[in-house]
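Quick look at my_file27.tsv (TSV, C-alpha atoms):
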chain	number	residue	atom	x	y	z
A	1	MET	CA	94.81	111.36	90.39
A	2	ILE	CA	96.27	110.92	93.88
A	3	ALA	CA	97.09	107.20	94.22
A	4	TYR	CA	99.67	107.04	97.01
A	5	LEU	CA	100.99	109.33	99.73
A	6	ARG	CA	103.73	109.11	102.32
A	7	GLY	CA	104.21	111.74	104.98
A	8	ARG	CA	103.79	112.75	108.62
A	9	VAL	CA	100.52	112.33	110.48
A	10	LEU	CA	99.58	115.86	111.46
A	11	ASP	CA	96.29	115.10	113.17
A	12	ILE	CA	93.75	112.34	113.78
A	13	ALA	CA	90.16	113.43	114.34
A	14	GLY	CA	87.10	111.19	114.28
A	15	GLU	CA	86.85	109.36	110.97
A	16	THR	CA	89.64	111.30	109.26
A	17	LEU	CA	93.33	112.02	109.55
A	18	ILE	CA	95.52	114.71	108.06
A	19	LEU	CA	98.74	113.62	106.39
A	20	GLU	CA	101.37	116.29	105.79
A	21	VAL	CA	103.31	115.71	102.57
A	22	ASN	CA	105.89	118.27	101.45
A	23	GLY	CA	104.20	121.06	103.36
A	24	MET	CA	100.68	120.20	102.20
A	25	GLY	CA	98.03	118.63	104.41
A	26	TYR	CA	95.79	115.91	102.92
A	27	GLU	CA	92.64	115.12	104.89
A	28	MET	CA	91.26	111.64	104.23
A	29	TYR	CA	88.81	109.04	105.45
A	30	CYS	CA	90.71	105.85	106.22
A	31	SER	CA	90.17	102.17	106.86
A	32	ALA	CA	90.51	100.84	110.41
A	33	ARG	CA	93.83	99.25	109.46
A	34	VAL	CA	95.28	102.67	108.55
A	35	PHE	CA	94.12	104.15	111.86
A	36	SER	CA	95.74	101.27	113.72
A	37	LEU	CA	99.07	102.18	112.08
A	38	ALA	CA	98.75	105.96	112.41
A	39	ARG	CA	100.48	107.89	115.20
A	40	ARG	CA	100.46	111.69	115.54
A	41	GLY	CA	103.85	112.94	114.40
A	42	GLY	CA	104.77	109.56	112.94
A	43	GLU	CA	105.40	108.66	109.31
A	44	LEU	CA	102.67	106.88	107.43
A	45	GLU	CA	102.17	105.62	103.89
A	46	VAL	CA	98.73	105.15	102.39
A	47	TYR	CA	97.26	104.06	99.08
A	48	THR	CA	94.55	106.53	98.19
A	49	SER	CA	91.43	106.89	96.10
A	50	LEU	CA	90.07	110.31	95.19
A	51	GLN	CA	86.29	110.22	94.86
A	52	LEU	CA	84.72	113.08	92.92
A	53	LYS	CA	81.16	114.29	93.36
A	54	GLU	CA	79.19	117.33	92.26
A	55	ASP	CA	79.62	118.90	95.69
A	56	GLY	CA	83.37	118.28	95.94
A	57	ALA	CA	86.14	115.71	96.22
A	58	THR	CA	86.93	113.33	99.07
A	59	LEU	CA	90.14	111.37	99.62
A	60	TYR	CA	90.12	107.84	101.06
A	61	GLY	CA	93.18	106.05	102.44
A	62	PHE	CA	94.13	102.38	102.65
A	63	SER	CA	96.93	100.34	104.18
A	64	SER	CA	97.73	98.35	101.03
A	65	ALA	CA	97.08	98.22	97.29
A	66	LYS	CA	94.92	95.12	97.82
A	67	GLU	CA	92.76	96.88	100.39
A	68	LYS	CA	92.30	99.75	97.94
A	69	GLU	CA	91.36	97.32	95.15
A	70	LEU	CA	88.70	95.74	97.35
A	71	PHE	CA	87.31	99.20	98.20
A	72	LEU	CA	87.04	100.03	94.50
A	73	LYS	CA	85.24	96.75	93.84
A	74	LEU	CA	82.82	97.38	96.68
A	75	THR	CA	82.04	100.90	95.48
A	76	SER	CA	81.48	99.61	91.94
A	77	VAL	CA	78.30	97.96	93.24
A	78	SER	CA	75.20	100.07	92.70
A	79	GLY	CA	74.07	101.57	95.99
A	80	VAL	CA	77.43	101.12	97.76
A	81	GLY	CA	79.09	104.49	98.25
A	82	PRO	CA	82.60	105.28	99.50
A	83	LYS	CA	81.41	105.63	103.11
A	84	SER	CA	79.88	102.15	102.95
A	85	GLY	CA	83.05	100.76	101.41
A	86	ILE	CA	85.11	102.23	104.24
A	87	ALA	CA	82.57	100.92	106.76
A	88	VAL	CA	83.08	97.36	105.47
A	89	LEU	CA	86.87	97.67	105.71
A	90	SER	CA	86.55	99.12	109.21
A	91	ALA	CA	84.22	96.39	110.45
A	92	MET	CA	86.49	93.60	109.19
A	93	SER	CA	89.88	93.10	107.62
A	94	ALA	CA	90.28	93.03	103.85
A	95	ASP	CA	90.82	89.26	103.82
A	96	GLU	CA	87.71	88.73	105.97
A	97	ALA	CA	85.65	90.90	103.61
A	98	ALA	CA	86.98	89.08	100.54
A	99	THR	CA	86.24	85.74	102.18
A	100	ALA	CA	82.71	86.84	103.09
A	101	ILE	CA	82.07	87.72	99.44
A	102	LEU	CA	83.74	84.56	98.12
A	103	THR	CA	81.69	82.35	100.46
A	104	ALA	CA	78.47	84.38	100.02
A	105	ASP	CA	78.34	85.16	103.75
A	106	VAL	CA	75.50	87.70	103.59
A	107	LYS	CA	75.00	87.54	107.36
A	108	LYS	CA	78.52	88.79	108.08
A	109	LEU	CA	78.33	91.57	105.50
A	110	SER	CA	74.87	92.73	106.58
A	111	ALA	CA	76.19	93.12	110.13
A	112	VAL	CA	78.23	96.13	108.94
A	113	LYS	CA	76.64	99.30	110.29
A	114	GLY	CA	74.54	101.03	107.64
A	115	LEU	CA	74.84	98.25	105.05
A	116	GLY	CA	71.73	96.12	105.50
A	117	LYS	CA	70.80	92.71	104.16
A	118	LYS	CA	69.64	93.82	100.69
A	119	THR	CA	72.87	95.73	100.02
A	120	ALA	CA	74.93	92.82	101.35
A	121	GLU	CA	73.09	90.47	98.99
A	122	LYS	CA	73.75	92.84	96.09
A	123	ILE	CA	77.48	92.94	96.95
A	124	VAL	CA	77.66	89.14	96.95
A	125	LEU	CA	75.62	88.88	93.74
A	126	GLU	CA	77.70	91.42	91.80
A	127	LEU	CA	81.17	90.64	93.20
A	128	HIS	CA	81.00	86.92	93.86
A	129	GLY	CA	82.61	86.06	90.53
A	130	LYS	CA	85.09	88.95	90.77
A	131	ILE	CA	86.71	87.90	94.08
A	132	SER	CA	89.23	85.13	93.52
A	133	ALA	CA	90.83	82.71	95.97
A	134	ALA	CA	94.12	84.48	95.28
A	135	GLU	CA	92.63	87.73	96.60
A	136	VAL	CA	91.55	85.98	99.79
A	137	MET	CA	95.15	84.86	100.24
A	138	SER	CA	96.62	88.28	99.52
A	139	ALA	CA	93.96	90.79	100.57
A	140	SER	CA	96.14	92.01	103.42
A	141	GLY	CA	98.93	92.69	100.95
A	142	GLU	CA	101.29	90.53	102.99
A	143	PHE	CA	101.01	87.10	101.37
A	144	SER	CA	104.08	86.25	99.32
A	145	GLY	CA	102.71	83.36	97.31
A	146	ASP	CA	105.96	81.38	97.52
A	147	PHE	CA	105.44	77.67	97.94
A	148	SER	CA	108.23	75.14	98.35
A	149	LEU	CA	107.97	71.85	96.52
A	150	PRO	CA	108.89	69.84	99.62
A	151	SER	CA	105.74	71.07	101.38
A	152	PHE	CA	103.64	69.64	98.54
A	153	ALA	CA	105.25	66.25	98.89
A	154	ALA	CA	105.05	66.23	102.68
A	155	ASP	CA	101.24	66.23	102.67
A	156	GLY	CA	100.75	64.72	99.23
A	157	LEU	CA	99.09	67.91	98.01
A	158	SER	CA	98.84	69.25	94.50
A	159	ALA	CA	99.74	72.87	93.77
A	160	ALA	CA	96.03	73.78	93.71
A	161	ASP	CA	95.45	72.04	97.05
A	162	GLU	CA	98.40	73.90	98.52
A	163	ASP	CA	96.90	77.19	97.34
A	164	ALA	CA	93.71	76.33	99.22
A	165	VAL	CA	95.63	75.29	102.34
A	166	SER	CA	97.63	78.53	102.26
A	167	ALA	CA	94.45	80.57	101.92
A	168	LEU	CA	93.00	78.92	105.02
A	169	GLN	CA	96.25	79.39	106.94
A	170	ASN	CA	96.17	83.07	106.02
A	171	LEU	CA	92.74	83.22	107.67
A	172	GLY	CA	94.11	81.86	110.95
A	173	PHE	CA	93.81	78.07	110.65
A	174	THR	CA	96.77	75.81	111.45
A	175	ARG	CA	98.33	73.87	108.60
A	176	SER	CA	96.97	70.54	109.86
A	177	GLU	CA	93.44	71.98	110.20
A	178	SER	CA	93.71	73.47	106.71
A	179	VAL	CA	94.91	70.21	105.14
A	180	ARG	CA	92.06	68.25	106.76
A	181	ALA	CA	89.48	70.84	105.69
A	182	VAL	CA	90.71	70.76	102.08
A	183	GLU	CA	90.66	66.96	102.04
A	184	ARG	CA	87.07	66.92	103.35
A	185	ALA	CA	86.03	69.54	100.79
A	186	LYS	CA	87.47	67.46	97.95
A	187	GLN	CA	85.80	64.32	99.28
A	188	SER	CA	82.47	66.15	99.18
A	189	GLY	CA	82.97	66.77	95.46
A	190	ALA	CA	84.72	70.17	95.33
A	191	LYS	CA	87.12	70.45	92.39
A	192	GLU	CA	87.83	74.08	91.56
A	193	LEU	CA	90.05	76.09	93.93
A	194	GLU	CA	87.38	78.60	94.95
A	195	GLU	CA	84.85	75.82	95.56
A	196	ILE	CA	87.37	73.90	97.70
A	197	ILE	CA	88.02	76.98	99.86
A	198	ARG	CA	84.32	77.77	100.12
A	199	ARG	CA	83.38	74.27	101.25
A	200	ALA	CA	86.36	74.06	103.59
A	201	LEU	CA	85.26	77.28	105.33
A	202	GLN	CA	81.64	76.15	105.51
A	203	GLY	CA	82.73	72.82	106.96
Can you dump the structure from the file as structure tokens?
Amino acid sequence: MIAYLRGRVLDIAGETLILEVNGMGYEMYCSARVFSLARRGGELEVYTSLQLKEDGATLYGFSSAKEKELFLKLTSVSGVGPKSGIAVLSAMSADEAATAILTADVKKLSAVKGLGKKTAEKIVLELHGKISAAEVMSASGEFSGDFSLPSFAADGLSAADEDAVSALQNLGFTRSESVRAVERAKQSGAKELEEIIRRALQG
């Protein structure tokens, strides 16, 4: 199984690119994030998934292990093929897709070209319990997860609250906005981490 490749971008054409590795050219469909990093003649590393069908094999490329994991979860849903999985990760970032699933945002998912409302609902239904708050924080593969104790004390937050705040910050909110949103979510009755994040985003 081909899980990871690093080489020189030989060509970029339409929805695919060709990566030259040790004299061999690998053609693959890639997420939008990969295309944003790819330059003809430049070096590129991708995490890959080889999808086998009766009529052949197709290689798909991703910018991080987390993005690949999300693709595999999406394609585990009945009716969601590899092309649809790539379409989701091209229409939005991995953390946005994970957040949409976590918060049951069917409207955002159904806006993906070729997906449709029924398929979006199925994705939420089947993956809702399989997408954790931790994945929202680290879907881009860049979140370190290191928290300093002084930051807890500064805002009077527990470790769980800080996790929620960090997840919101990773989605583009300022720390002060994130802290206020988490406090409001808890005041409304949210207790578990995922519920706190969900209510904070909805609020």
Please determine the residues with any atom at most 8 Å from (88.5, 78.1, 103.4) (coordinates as given in the file, with only C-alpha atoms counting) and report them as an NGL selection string. :A and (164-165 or 167-168 or 171 or 178 or 181-182 or 196-202)
Distance cut-off 12 Å, centre (82.0, 94.5, 93.4) in file coordinates, counting all atoms listed in the file: which residues qualify? Return them as a ChimeraX atom specification. /A:69-81,85,97-98,101-102,119-132
Contacts of Leu10 of chain A at 6 Å (only C-alpha atoms; same-chain gap of 3+ positions) as a list in words: Ile18, Leu19, Glu20, Arg40 and Gly41 of chain A
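Between atom CA of Arg175 of chain A and atom CA of Val106 of chain A the interatomic distance comes to 27.2 Å.
Taking atom CA of Tyr29 of chain A and atom CA of Lys117 of chain A as endpoints, the distance between them is 24.3 Å.
You will find atom CA of Ser90 of chain A at 5.3 Å from atom CA of Ser31 of chain A.
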Return the single residue from A:Glu15, A:Glu67, A:Glu195, A:Asp161 that is closest to Ser49 of chain A, with distances computed using only C-alpha atoms. A:Glu67
